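A.B. asks: final29.csv is the file, holding CSV, C-alpha atoms:
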```csv
chain,number,residue,atom,x,y,z
A,799,MET,CA,18.3,8.2,9.2
A,800,LEU,CA,19.6,5.9,6.5
A,801,SER,CA,21.9,8.3,4.6
A,802,PRO,CA,25.1,6.2,5.1
A,803,TYR,CA,23.5,3.2,3.4
A,804,ARG,CA,23.1,2.2,-0.3
A,805,VAL,CA,20.2,0.1,-1.7
A,806,LEU,CA,20.2,-1.6,-5.1
A,807,ASP,CA,16.6,-1.8,-6.2
A,808,LEU,CA,16.1,-4.5,-8.8
A,809,THR,CA,12.3,-4.7,-8.3
A,810,THR,CA,9.7,-4.9,-11.0
A,811,GLU,CA,6.3,-3.3,-10.4
A,812,ARG,CA,5.9,-5.9,-7.6
A,813,GLY,CA,8.2,-4.2,-5.2
A,814,LEU,CA,8.8,-0.5,-6.0
A,815,LEU,CA,7.3,0.8,-2.8
A,816,CYS,CA,9.9,-1.0,-0.6
A,817,GLY,CA,12.8,1.0,-2.2
A,818,GLN,CA,10.9,4.2,-2.0
A,819,MET,CA,10.3,3.8,1.7
A,820,LEU,CA,14.0,3.3,2.3
A,821,ALA,CA,14.8,6.2,0.0
A,822,ASP,CA,12.4,8.5,1.9
A,823,MET,CA,14.4,7.6,5.1
A,824,GLY,CA,17.5,8.8,3.4
A,825,ALA,CA,19.1,5.7,1.9
A,826,ASP,CA,20.9,6.1,-1.5
A,827,VAL,CA,18.6,3.9,-3.6
A,828,ILE,CA,19.8,3.1,-7.1
A,829,LYS,CA,17.0,1.8,-9.3
A,830,VAL,CA,18.5,-0.8,-11.7
A,831,GLU,CA,16.4,-1.1,-14.8
A,832,PRO,CA,16.8,-2.9,-18.1
A,833,PRO,CA,17.9,-0.7,-21.1
A,834,GLY,CA,14.8,1.3,-22.2
A,835,GLY,CA,13.4,1.3,-18.6
A,836,SER,CA,11.4,-0.8,-16.2
A,837,SER,CA,8.1,-2.4,-17.4
A,838,ALA,CA,6.5,-0.4,-14.6
A,839,ARG,CA,7.0,2.7,-16.7
A,840,ASN,CA,4.5,1.4,-19.2
A,841,ILE,CA,1.7,1.4,-16.6
A,842,GLY,CA,-0.8,4.3,-17.0
A,843,PRO,CA,-2.3,6.8,-16.4
A,844,PHE,CA,0.2,9.1,-18.1
A,845,TYR,CA,0.9,12.8,-17.7
A,846,LYS,CA,-1.4,14.6,-20.2
A,847,ASP,CA,-2.4,11.1,-21.5
A,848,VAL,CA,0.9,10.9,-23.5
A,849,PRO,CA,2.3,7.4,-23.1
A,850,HIS,CA,6.0,7.7,-22.3
A,851,PRO,CA,8.4,6.0,-19.9
A,852,ASP,CA,9.1,9.2,-18.1
A,853,ARG,CA,5.4,10.3,-17.8
A,854,SER,CA,3.8,7.3,-16.1
A,855,LEU,CA,2.0,8.4,-12.9
A,856,TYR,CA,2.4,4.9,-11.6
A,857,TRP,CA,6.1,5.2,-11.9
A,858,TRP,CA,6.0,8.7,-10.3
A,859,ALA,CA,4.0,7.3,-7.3
A,860,TYR,CA,6.6,4.7,-6.2
A,861,ASN,CA,10.1,6.0,-7.2
A,862,ARG,CA,10.7,9.4,-5.7
A,863,ASN,CA,14.1,10.0,-4.0
A,864,LYS,CA,15.8,7.3,-6.1
A,865,ARG,CA,18.6,7.4,-8.6
A,866,ALA,CA,18.3,5.2,-11.7
A,867,ILE,CA,20.6,3.4,-14.0
A,868,THR,CA,20.0,1.0,-16.9
A,869,LEU,CA,21.7,-2.4,-17.0
A,870,ASP,CA,21.1,-5.6,-18.9
A,871,ILE,CA,21.7,-8.4,-16.3
A,872,GLU,CA,20.9,-11.0,-19.0
A,873,ARG,CA,24.5,-10.6,-20.3
A,874,ASP,CA,27.8,-11.4,-18.7
A,875,THR,CA,29.1,-7.8,-18.8
A,876,GLY,CA,26.0,-6.5,-17.2
A,877,ARG,CA,26.1,-9.1,-14.4
A,878,ASP,CA,29.8,-8.2,-13.8
A,879,LEU,CA,28.9,-4.5,-13.4
A,880,LEU,CA,26.1,-5.4,-11.0
A,881,ARG,CA,28.5,-7.5,-8.9
A,882,ARG,CA,30.8,-4.5,-8.6
A,883,LEU,CA,27.9,-2.4,-7.4
A,884,VAL,CA,27.0,-5.2,-4.9
A,885,GLY,CA,30.4,-4.8,-3.3
A,886,ARG,CA,29.5,-1.2,-2.4
A,887,ALA,CA,25.8,-1.9,-1.4
A,888,ASP,CA,24.2,-2.5,2.0
A,889,PHE,CA,20.8,-3.8,0.7
A,890,LEU,CA,19.5,-5.4,-2.5
A,891,ILE,CA,15.8,-5.6,-3.2
A,892,GLU,CA,14.4,-7.8,-6.0
A,893,SER,CA,11.0,-9.1,-7.0
A,894,HIS,CA,11.7,-11.5,-9.8
A,895,ASN,CA,10.2,-15.0,-9.9
A,896,PRO,CA,12.0,-17.5,-7.6
A,897,GLY,CA,15.2,-18.8,-9.1
A,898,TYR,CA,15.4,-16.1,-11.8
A,899,LEU,CA,18.5,-14.3,-10.3
A,900,SER,CA,20.0,-17.5,-8.9
A,901,GLN,CA,20.0,-19.0,-12.5
A,902,ARG,CA,22.1,-15.9,-13.4
A,903,SER,CA,24.5,-16.3,-10.5
A,904,LEU,CA,23.0,-13.3,-8.8
A,905,GLY,CA,21.1,-15.0,-6.0
A,906,TYR,CA,21.8,-14.5,-2.4
A,907,ALA,CA,24.2,-17.4,-2.2
A,908,ASP,CA,26.2,-15.9,-5.0
A,909,LEU,CA,26.3,-12.3,-3.9
A,910,VAL,CA,26.9,-12.9,-0.2
A,911,LYS,CA,30.3,-14.2,-1.2
A,912,ILE,CA,31.1,-10.8,-2.6
A,913,ASN,CA,29.5,-8.9,0.3
A,914,PRO,CA,28.9,-10.9,3.5
A,915,ALA,CA,27.1,-7.9,5.1
A,916,LEU,CA,24.5,-7.7,2.2
A,917,ILE,CA,20.8,-7.7,3.2
A,918,TYR,CA,19.1,-9.4,0.2
A,919,VAL,CA,15.3,-8.9,0.1
A,920,SER,CA,13.1,-11.0,-2.2
A,921,ILE,CA,9.5,-10.1,-2.8
A,922,THR,CA,7.4,-12.7,-4.6
A,923,PRO,CA,3.8,-13.8,-4.9
A,924,PHE,CA,4.1,-17.0,-2.8
A,925,GLY,CA,7.6,-17.1,-1.5
A,926,GLN,CA,10.8,-18.8,-2.6
A,927,ASP,CA,9.6,-22.3,-2.0
A,928,GLY,CA,6.5,-24.4,-1.6
A,929,PRO,CA,3.9,-25.9,-4.0
A,930,LYS,CA,2.8,-22.5,-5.3
A,931,ALA,CA,6.2,-20.8,-5.5
A,932,THR,CA,6.2,-20.9,-9.4
A,933,TYR,CA,2.5,-20.1,-9.9
A,934,ALA,CA,1.6,-17.2,-12.1
A,935,ASP,CA,0.3,-14.2,-10.3
A,936,SER,CA,-1.7,-10.9,-10.4
A,937,ASP,CA,-3.0,-8.7,-7.7
A,938,LEU,CA,-6.4,-10.5,-8.1
A,939,ILE,CA,-4.7,-13.9,-7.6
A,940,VAL,CA,-2.7,-12.9,-4.6
A,941,MET,CA,-5.6,-11.2,-2.8
A,942,ALA,CA,-7.7,-14.2,-3.5
A,943,ALA,CA,-5.0,-16.6,-2.2
A,944,GLY,CA,-4.4,-14.5,0.9
A,945,GLY,CA,-8.0,-14.3,1.9
A,946,PRO,CA,-9.1,-10.6,1.7
A,947,LEU,CA,-10.9,-11.0,-1.6
A,948,ILE,CA,-13.6,-13.1,0.0
A,949,LEU,CA,-14.9,-10.0,1.7
A,950,ALA,CA,-14.9,-7.8,-1.5
A,951,GLY,CA,-18.1,-7.4,-3.4
A,952,ASP,CA,-21.8,-8.1,-3.0
A,953,ALA,CA,-23.2,-11.0,-1.1
A,954,ASP,CA,-25.3,-12.4,-4.1
A,955,ARG,CA,-22.4,-12.7,-6.6
A,956,PRO,CA,-18.7,-13.7,-6.8
A,957,PRO,CA,-16.1,-11.5,-5.1
A,958,VAL,CA,-14.6,-8.7,-7.1
A,959,ARG,CA,-11.0,-7.3,-7.3
A,960,LEU,CA,-10.2,-4.2,-5.4
A,961,CYS,CA,-10.2,-1.1,-7.7
A,962,ILE,CA,-6.5,-0.3,-6.9
A,963,PRO,CA,-3.9,-3.1,-6.7
A,964,GLN,CA,-2.8,-3.5,-3.1
A,965,ALA,CA,-1.2,-6.9,-2.6
A,966,TYR,CA,2.4,-5.8,-3.4
A,967,LEU,CA,2.0,-2.6,-1.5
A,968,HIS,CA,1.4,-4.8,1.6
A,969,ALA,CA,4.4,-7.0,0.7
A,970,SER,CA,6.7,-4.0,-0.1
A,971,ALA,CA,5.9,-2.3,3.2
A,972,ASP,CA,6.6,-5.5,5.1
A,973,ALA,CA,9.8,-5.9,3.1
A,974,ALA,CA,11.0,-2.5,4.1
A,975,VAL,CA,10.3,-3.2,7.8
A,976,ALA,CA,12.0,-6.6,7.5
A,977,ALA,CA,15.1,-5.0,5.9
A,978,LEU,CA,15.4,-2.6,8.8
A,979,ALA,CA,15.0,-5.4,11.3
A,980,ALA,CA,17.8,-7.3,9.5
A,981,HIS,CA,19.9,-4.2,9.6
A,982,HIS,CA,19.4,-4.0,13.3
A,983,GLU,CA,20.8,-7.5,13.6
A,984,ARG,CA,23.7,-6.6,11.2
A,985,VAL,CA,24.8,-3.8,13.5
A,986,ARG,CA,25.4,-6.5,16.1
A,987,SER,CA,26.8,-9.4,14.0
A,988,GLY,CA,28.2,-7.6,11.0
A,989,LEU,CA,26.4,-10.1,8.7
A,990,GLY,CA,23.6,-9.7,6.3
A,991,GLN,CA,20.8,-12.2,5.5
A,992,HIS,CA,18.2,-13.2,3.0
A,993,ILE,CA,14.7,-12.0,3.6
A,994,ASP,CA,11.9,-13.9,1.8
A,995,VAL,CA,8.6,-11.9,1.6
A,996,ALA,CA,5.5,-13.7,0.2
A,997,ALA,CA,2.8,-11.3,-0.8
A,998,GLN,CA,0.2,-14.0,0.0
A,999,GLN,CA,1.3,-14.0,3.6
A,1000,SER,CA,1.4,-10.2,3.7
A,1001,VAL,CA,-2.2,-9.8,2.5
A,1002,ALA,CA,-3.4,-12.6,4.8
A,1003,MET,CA,-2.8,-10.1,7.7
A,1004,ALA,CA,-5.3,-7.7,6.0
A,1005,THR,CA,-8.1,-10.1,7.0
A,1006,GLN,CA,-7.4,-8.8,10.5
A,1007,SER,CA,-8.8,-11.1,13.3
A,1008,ASN,CA,-11.1,-12.7,10.8
A,1009,ILE,CA,-8.3,-15.1,9.7
A,1010,LEU,CA,-8.7,-16.8,13.1
A,1011,ALA,CA,-12.4,-17.5,12.8
A,1012,ALA,CA,-12.2,-20.8,10.9
A,1013,ALA,CA,-9.4,-22.1,13.1
A,1014,LEU,CA,-11.4,-21.4,16.3
A,1015,GLY,CA,-14.7,-22.7,14.9
A,1016,SER,CA,-16.2,-19.2,15.1
A,1017,VAL,CA,-18.7,-17.6,12.6
A,1018,GLU,CA,-16.7,-16.7,9.5
A,1019,PRO,CA,-17.4,-13.3,8.0
A,1020,ARG,CA,-18.9,-13.1,4.5
A,1021,ARG,CA,-18.8,-10.3,2.0
A,1022,MET,CA,-21.5,-7.7,1.9
A,1023,SER,CA,-21.0,-4.5,-0.1
A,1024,GLY,CA,-20.5,-1.7,2.4
A,1025,GLY,CA,-20.3,-4.0,5.4
A,1026,VAL,CA,-19.8,-7.6,6.6
A,1027,LYS,CA,-22.0,-10.6,6.8
A,1028,MET,CA,-21.8,-12.7,10.0
A,1029,GLY,CA,-23.9,-15.9,9.4
A,1030,PRO,CA,-27.4,-14.6,8.5
A,1031,ILE,CA,-26.8,-11.1,9.9
A,1032,ASP,CA,-25.9,-8.2,7.6
A,1033,LEU,CA,-23.9,-5.6,9.4
A,1034,PRO,CA,-23.5,-2.3,7.3
A,1035,LEU,CA,-20.4,-0.3,7.9
A,1036,VAL,CA,-21.1,2.3,5.2
A,1037,TRP,CA,-24.4,4.3,5.3
A,1038,PRO,CA,-25.9,6.9,3.0
A,1039,ALA,CA,-25.8,10.6,3.7
A,1040,GLY,CA,-27.6,13.4,1.9
A,1041,ASP,CA,-24.5,14.1,-0.3
A,1042,GLY,CA,-22.5,10.9,-0.3
A,1043,TYR,CA,-21.7,8.3,2.3
A,1044,VAL,CA,-20.4,8.0,5.9
A,1045,ALA,CA,-18.6,5.2,7.7
A,1046,MET,CA,-20.6,4.5,10.9
A,1047,THR,CA,-20.1,1.9,13.6
A,1048,PHE,CA,-23.6,0.6,14.4
A,1049,LEU,CA,-22.5,-2.6,16.3
A,1050,PHE,CA,-23.1,-4.2,19.6
A,1051,GLY,CA,-21.4,-5.7,22.7
A,1052,SER,CA,-19.8,-4.2,25.7
A,1053,ALA,CA,-17.3,-2.2,23.7
A,1054,LEU,CA,-19.5,-0.7,20.9
A,1055,GLY,CA,-23.0,-1.1,22.1
A,1056,VAL,CA,-22.7,2.0,24.3
A,1057,PHE,CA,-22.1,4.1,21.2
A,1058,THR,CA,-25.1,2.5,19.4
A,1059,ALA,CA,-27.3,3.3,22.4
A,1060,ARG,CA,-26.2,6.9,22.4
A,1061,LEU,CA,-26.9,7.2,18.7
A,1062,MET,CA,-30.4,5.6,19.1
A,1063,HIS,CA,-31.3,8.1,21.8
A,1064,TYR,CA,-30.5,10.9,19.4
A,1065,ILE,CA,-32.4,9.2,16.6
A,1066,CYS,CA,-35.4,9.0,18.8
A,1067,GLU,CA,-35.0,12.6,19.9
A,1068,ARG,CA,-35.2,13.6,16.3
A,1069,GLY,CA,-38.3,11.6,15.7
A,1070,PHE,CA,-36.9,8.7,13.6
A,1071,CYS,CA,-37.9,6.0,16.0
A,1072,ASP,CA,-40.1,5.3,19.0
A,1073,GLU,CA,-38.9,4.8,22.6
A,1074,THR,CA,-39.3,1.0,22.5
A,1075,THR,CA,-36.8,0.9,19.6
A,1076,ARG,CA,-34.5,3.4,21.4
A,1077,ASP,CA,-34.4,1.3,24.6
A,1078,LYS,CA,-33.4,-2.1,23.1
A,1079,ASP,CA,-30.5,-3.7,24.9
A,1080,TRP,CA,-27.8,-2.6,22.5
A,1081,ILE,CA,-25.1,-4.3,24.6
A,1082,ALA,CA,-26.6,-7.8,24.2
A,1083,TYR,CA,-28.3,-7.1,20.9
A,1084,GLY,CA,-25.8,-9.2,18.8
A,1085,GLU,CA,-26.3,-12.2,21.0
A,1086,GLN,CA,-30.1,-11.8,20.7
A,1087,LEU,CA,-29.8,-11.8,16.9
A,1088,PHE,CA,-27.6,-14.9,16.8
A,1089,SER,CA,-29.8,-16.7,19.2
A,1090,GLY,CA,-33.1,-15.8,17.4
A,1091,VAL,CA,-34.5,-13.9,20.4
A,1092,GLU,CA,-34.5,-10.8,18.2
A,1093,PRO,CA,-36.0,-11.6,14.7
A,1094,LEU,CA,-33.8,-10.6,11.8
A,1095,ALA,CA,-36.9,-8.8,10.3
A,1096,GLU,CA,-36.8,-6.5,13.3
A,1097,PHE,CA,-33.2,-5.7,12.8
A,1098,GLU,CA,-33.9,-4.9,9.1
A,1099,ARG,CA,-36.6,-2.5,10.3
A,1100,VAL,CA,-34.1,-0.8,12.6
A,1101,LYS,CA,-31.5,-0.5,9.9
A,1102,GLU,CA,-33.9,1.1,7.6
A,1103,LEU,CA,-34.9,3.8,10.1
A,1104,VAL,CA,-31.2,4.5,10.8
A,1105,ARG,CA,-30.7,4.9,7.0
A,1106,LYS,CA,-33.6,7.4,6.9
A,1107,PHE,CA,-31.8,9.3,9.7
A,1108,THR,CA,-28.4,9.4,8.0
A,1109,ARG,CA,-29.9,10.4,4.6
A,1110,SER,CA,-31.5,13.4,6.3
A,1111,TYR,CA,-28.0,15.0,6.9
A,1112,THR,CA,-25.0,15.9,4.9
A,1113,LYS,CA,-21.6,14.3,5.6
A,1114,ALA,CA,-20.5,17.5,7.3
A,1115,GLU,CA,-23.6,17.7,9.5
A,1116,LEU,CA,-23.1,14.0,10.5
A,1117,LEU,CA,-19.4,14.7,11.3
A,1118,ARG,CA,-20.4,17.7,13.4
A,1119,LEU,CA,-22.9,15.6,15.3
A,1120,ALA,CA,-20.3,12.9,15.9
A,1121,LEU,CA,-17.9,15.4,17.4
A,1122,GLU,CA,-20.5,17.0,19.5
A,1123,ARG,CA,-22.3,13.9,20.8
A,1124,GLY,CA,-19.7,11.1,20.6
A,1125,PHE,CA,-21.0,9.1,17.7
A,1126,LEU,CA,-18.7,6.8,15.7
A,1127,ILE,CA,-19.3,8.5,12.3
A,1128,THR,CA,-16.9,9.8,9.8
A,1129,PRO,CA,-17.4,11.0,6.2
A,1130,VAL,CA,-16.3,8.8,3.3
A,1131,ALA,CA,-14.1,11.3,1.4
A,1132,THR,CA,-13.9,11.6,-2.3
A,1133,ILE,CA,-10.5,12.0,-4.0
A,1134,GLU,CA,-11.1,15.7,-4.3
A,1135,GLU,CA,-12.0,16.0,-0.7
A,1136,VAL,CA,-8.8,14.2,0.3
A,1137,VAL,CA,-6.7,16.6,-1.8
A,1138,GLU,CA,-8.4,19.6,-0.3
A,1139,SER,CA,-8.5,18.2,3.2
A,1140,PRO,CA,-7.8,20.9,5.9
A,1141,GLN,CA,-6.3,18.2,8.1
A,1142,PHE,CA,-3.7,17.3,5.5
A,1143,ALA,CA,-3.1,21.0,4.8
A,1144,SER,CA,-2.5,21.7,8.5
A,1145,ARG,CA,0.2,19.0,8.6
A,1146,ASN,CA,1.8,20.2,5.3
A,1147,TYR,CA,1.1,16.7,4.0
A,1148,PHE,CA,1.1,17.3,0.2
A,1149,GLN,CA,4.5,18.2,-1.2
A,1150,ASN,CA,5.4,20.1,-4.4
A,1151,VAL,CA,8.0,18.3,-6.4
A,1152,ALA,CA,9.7,19.9,-9.4
A,1153,HIS,CA,10.0,18.1,-12.7
A,1154,PRO,CA,12.6,20.3,-14.6
A,1155,GLU,CA,12.4,18.1,-17.7
A,1156,LEU,CA,8.7,19.0,-18.0
A,1157,GLY,CA,9.1,22.6,-16.7
A,1158,GLU,CA,6.4,22.0,-14.0
A,1159,SER,CA,5.9,21.1,-10.4
A,1160,PHE,CA,3.4,18.6,-9.1
A,1161,ARG,CA,1.7,18.0,-5.8
A,1162,TYR,CA,2.7,14.6,-4.4
A,1163,PRO,CA,1.3,12.7,-1.5
A,1164,GLY,CA,3.4,13.4,1.5
A,1165,PRO,CA,5.7,11.3,3.7
A,1166,PHE,CA,4.3,8.1,5.2
A,1167,ALA,CA,5.4,9.3,8.7
A,1168,LYS,CA,6.5,12.4,10.5
A,1169,PHE,CA,9.9,12.2,12.3
A,1170,SER,CA,10.6,15.0,14.7
A,1171,ALA,CA,14.4,14.8,14.6
A,1172,SER,CA,15.0,13.6,11.0
A,1173,PRO,CA,12.0,14.5,8.8
A,1174,ILE,CA,11.5,12.9,5.4
A,1175,GLU,CA,12.4,15.2,2.6
A,1176,TYR,CA,11.6,14.9,-1.1
A,1177,LYS,CA,15.0,15.6,-2.5
A,1178,ARG,CA,14.6,13.9,-5.9
A,1179,ARG,CA,11.6,13.6,-8.3
A,1180,PRO,CA,11.3,10.1,-9.8
A,1181,PRO,CA,14.2,9.4,-12.1
A,1182,THR,CA,14.0,9.4,-15.9
A,1183,VAL,CA,15.4,6.4,-17.8
A,1184,GLY,CA,19.1,6.0,-17.2
A,1185,GLU,CA,19.3,9.4,-15.7
A,1186,HIS,CA,22.2,8.6,-13.4
A,1187,ASN,CA,24.3,6.3,-15.6
A,1188,SER,CA,27.2,8.7,-15.8
A,1189,GLU,CA,27.1,9.4,-12.0
A,1190,ILE,CA,27.3,5.7,-11.2
A,1191,TYR,CA,29.4,4.2,-14.1
A,1192,ARG,CA,31.9,7.0,-14.5
A,1193,ASP,CA,32.1,8.7,-11.2
A,1194,GLU,CA,31.8,5.7,-8.9
A,1195,LEU,CA,32.9,2.6,-10.9
A,1196,GLY,CA,35.6,4.6,-12.8
A,1197,LEU,CA,34.5,3.8,-16.4
A,1198,SER,CA,35.7,6.1,-19.1
A,1199,GLU,CA,33.3,8.0,-21.4
A,1200,ARG,CA,34.5,5.7,-24.2
A,1201,GLU,CA,33.7,2.6,-22.2
A,1202,ILE,CA,30.3,3.9,-21.3
A,1203,ALA,CA,29.6,4.8,-24.9
A,1204,GLU,CA,30.6,1.2,-25.9
A,1205,LEU,CA,28.3,-0.3,-23.3
A,1206,LYS,CA,25.4,1.8,-24.6
A,1207,ARG,CA,26.1,0.8,-28.2
A,1208,ALA,CA,26.1,-2.8,-27.2
A,1209,GLY,CA,22.8,-2.4,-25.4
A,1210,ILE,CA,24.2,-3.3,-22.0
A,1211,ILE,CA,23.2,0.0,-20.4
```
Taking this structure as input, can you express it in the form of structure tokens?

C.D. replies:
Amino acid sequence: MLSPYRVLDLTTERGLLCGQMLADMGADVIKVEPPGGSSARNIGPFYKDVPHPDRSLYWWAYNRNKRAITLDIERDTGRDLLRRLVGRADFLIESHNPGYLSQRSLGYADLVKINPALIYVSITPFGQDGPKATYADSDLIVMAAGGPLILAGDADRPPVRLCIPQAYLHASADAAVAALAAHHERVRSGLGQHIDVAAQQSVAMATQSNILAAALGSVEPRRMSGGVKMGPIDLPLVWPAGDGYVAMTFLFGSALGVFTARLMHYICERGFCDETTRDKDWIAYGEQLFSGVEPLAEFERVKELVRKFTRSYTKAELLRLALERGFLITPVATIEEVVESPQFASRNYFQNVAHPELGESFRYPGPFAKFSASPIEYKRRPPTVGEHNSEIYRDELGLSEREIAELKRAGII
């Protein structure tokens, strides 16, 4: 799909996924790292617990299908080499602090003079401007500033960070989509543009419709481990099973109440509740709770008998019941269950990628989408530090072996 196009990937750990998505779609993505390698290579865990820039599983996760060169853009010679590469590039992705590259004459306004068709993508915590543009960041800070963190954790204590950093994954995916939208425009106009992606804005969308609640004067959701809290009402979304947990929609209203009614009929059939409980108005039940017509204590009693029901079955048994009877229940999978998933196996999701330098192959998560006419292929394992220096500097820029050796001795590559 993108095989005719070249991407210069100058991102730190903030934006690696963007380049990988474009690389998966066939673009020639050149990862530009400082001499010695990107700081992302220092993030563990490491293969066989041996810290090494070429053994970081974090690096492996976000850099397949890329080539890699080393280049010190803090020095004039390094910047000159980058400008030569820009003349041959279609996209440039960067995730430095606002102003960092402009101060080195490598900002969009500088590089568009070299290549007017260049699509220049910036991924930052809060955007290129505004009162927070220069604020320090972390995944915790961005998720808090964007809103999703308010829903993470238990109701009786402060919110907690998500166990896996996600803010820049949201931002990177948005950046890849934006780059392709800008490319669509470039096909018409022949001109590139600067794309400004703020991670705060990307994660704000992860609050889904809840971000509208305050603006519309509606009840704002509150955090509740395994569910959501709407005013005084605790609505579980994760329920215990005999061997783990299931995600189950036990909600109300015209869209979801019919499923709850169906479930309650089965729960009654199995002896976990009486007919009076079974026959509550599950369509209007939410309104009854908010108005006080249905006491909260009664809802707590109903939830407890539903928990007794789900605890009486394994995850697999509950899934089978869901498929047979139309319940909204699905198992909460462990990592091992994901890896061994028959659904993933049937779609050939996991891909073996050879690492010749280690003499082994490893099973990688598969493509983010299946394309019928141009399927994503894993043609390259994540690059080692400076692996493609000769390919780029000698074969493409025409530098001699002597010039390359001098650049290496000077610490520029």

A.B. asks: Which of these residues is nearest to Pro1093 (chain A), using only C-alpha atoms: A:Leu1195, A:Phe1107, A:Pro1030, A:Ser801?

C.D. replies: A:Pro1030

A.B. asks: So how far away is CA of Trp857 (chain A) from CA of Arg1207 (chain A), in Å?

C.D. replies: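 So the answer is 26.2 Å.
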
A.B. asks: Looking at A:Ile1210, A:Leu1119, A:Ile1133, A:Ala997, which one is nearest to Gln926 (chain A), with distances taken over all atoms listed in the file?

C.D. replies: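 When distances to Gln926 (chain A) are compared using all atoms listed in the file, the smallest one comes from A:Ala997.
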
A.B. asks: So that I can check the surroundings of Gly945 (chain A), please list as JSON, numbers by chain every protein, DNA and RNA residue that reaches within 8 Å of it, counting only C-alpha atoms and ignoring chain neighbours fewer than 2 positions away.

C.D. replies: {"A": [941, 942, 943, 947, 948, 1001, 1002, 1005, 1009]}

A.B. asks: Quick one: residues within 7 Å of Ile891 (chain A), all atoms listed in the file counted, chain neighbours fewer than 2 positions away excluded, as a count of residues only?

C.D. replies: 8

A.B. asks: With distances taken over all atoms listed in the file, which residue among A:Pro929, A:Pro832, A:Pro1165, A:Gly876 lies nearest Met819 (chain A)?

C.D. replies: A:Pro1165

A.B. asks: Give as a ChimeraX atom specification the set of residues within 12 Å of the point (-31.2, -0.1, 21.1), where distances use the file's coordinates and all atoms listed in the file.

C.D. replies: /A:1048-1051,1054-1066,1071-1084,1086,1092,1096-1097,1100-1101,1104

A.B. asks: Under the rule of at most 12 Å, produce a per-residue listing of region 850-893 of chain A near region 961-972 of chain A: chain, number, name, the closest pair of atoms, and the distance in Å, as CSV, using all atoms listed in the file.

C.D. replies:
```
residue,atom,partner,partner_atom,distance
A:Tyr856,CA,A:Pro963,CA,11.3
A:Ala859,CA,A:Leu967,CA,11.6
A:Tyr860,CA,A:Leu967,CA,9.8
A:Ile891,CA,A:Ser970,CA,9.7
A:Glu892,CA,A:Ser970,CA,10.4
A:Ser893,CA,A:Ser970,CA,9.6
```

A.B. asks: Compare A:Asp852, A:Asp822, A:Asp908, A:Asp870 by their minimum atom-to-atom distance to Glu1185 (chain A), counting only C-alpha atoms, and give me the closest one.

C.D. replies: A:Asp852

A.B. asks: I want to know what sits within 8 Å of Ser837 (chain A), based on all atoms listed in the file, with residues of the same chain fewer than 2 positions away left out; could you give that as a PyMOL selection string?

C.D. replies: chain A and resi 810-811+835+839-841

A.B. asks: CA of Val848 (chain A) and CA of Ile871 (chain A), how far apart in Å?

C.D. replies: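 Calculated distance between CA of Ile871 (chain A) and CA of Val848 (chain A) is 29.3 Å.
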
A.B. asks: Quick one: pull the distance between CA of Ser1188 (chain A) and CA of Ile917 (chain A), Å, one decimal.

C.D. replies: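 About the pair CA of Ser1188 (chain A) and CA of Ile917 (chain A): they are 25.9 Å apart.
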
A.B. asks: Which residue out of A:Glu1189, A:Ala1114, A:Thr875, A:Glu1175 has the minimum interatomic distance to Glu1204 (chain A) when only C-alpha atoms are used?

C.D. replies: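 Once distances to Glu1204 (chain A) are computed over only C-alpha atoms, the minimum belongs to A:Thr875.
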
A.B. asks: Of the candidates A:Arg812, A:Arg862, A:Arg1178, A:Arg1105, which one gets nearest to Pro1154 (chain A) if we count only C-alpha atoms?

C.D. replies: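 Selected residue with least distance to Pro1154 (chain A): A:Arg1178.
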
A.B. asks: Using only C-alpha atoms, which protein or nucleic acid residues come within 10 Å of Arg955 (chain A)? Drop anything in the same chain fewer than 4 positions from it, and give the result as an MDAnalysis selection string.

C.D. replies: chainID A and resid 951 1021:1022

A.B. asks: Around all of region 1104-1118 of chain A's listed atoms, make the axis-aligned box with 4 Å on each side and tell me centre and edge lengths in Å to one decimal, as AutoDock Vina command-line options.

C.D. replies:
```
--center_x -26.5 --center_y 11.1 --center_z 9.0 --size_x 22.2 --size_y 21.2 --size_z 16.8
```

A.B. asks: Would you kindly return, as a VMD selection string, each protein, DNA or RNA residue with an atom no farther than 9 Å from any atom of Ser1023 (chain A), considering all atoms listed in the file and excluding same-chain residues fewer than 6 positions away?

C.D. replies: chain A and resid 949 to 953 1034 1036

A.B. asks: Using all atoms listed in the file, find all polymer residues with an atom at most 10 Å away from the point (11.3, 10.7, 7.7); report them as an mmCIF file with C-alpha atoms, keeping the file's coordinate frame.

C.D. replies:
```cif
data_model
loop_
_atom_site.group_PDB
_atom_site.id
_atom_site.type_symbol
_atom_site.label_atom_id
_atom_site.label_comp_id
_atom_site.auth_asym_id
_atom_site.auth_seq_id
_atom_site.Cartn_x
_atom_site.Cartn_y
_atom_site.Cartn_z
ATOM 1 C CA MET A 799 18.300 8.200 9.200
ATOM 2 C CA LEU A 800 19.600 5.900 6.500
ATOM 3 C CA MET A 819 10.300 3.800 1.700
ATOM 4 C CA LEU A 820 14.000 3.300 2.300
ATOM 5 C CA ALA A 821 14.800 6.200 0.000
ATOM 6 C CA ASP A 822 12.400 8.500 1.900
ATOM 7 C CA MET A 823 14.400 7.600 5.100
ATOM 8 C CA GLY A 824 17.500 8.800 3.400
ATOM 9 C CA PRO A 1165 5.700 11.300 3.700
ATOM 10 C CA PHE A 1166 4.300 8.100 5.200
ATOM 11 C CA ALA A 1167 5.400 9.300 8.700
ATOM 12 C CA LYS A 1168 6.500 12.400 10.500
ATOM 13 C CA PHE A 1169 9.900 12.200 12.300
ATOM 14 C CA SER A 1170 10.600 15.000 14.700
ATOM 15 C CA ALA A 1171 14.400 14.800 14.600
ATOM 16 C CA SER A 1172 15.000 13.600 11.000
ATOM 17 C CA PRO A 1173 12.000 14.500 8.800
ATOM 18 C CA ILE A 1174 11.500 12.900 5.400
ATOM 19 C CA GLU A 1175 12.400 15.200 2.600
ATOM 20 C CA TYR A 1176 11.600 14.900 -1.100
#
```
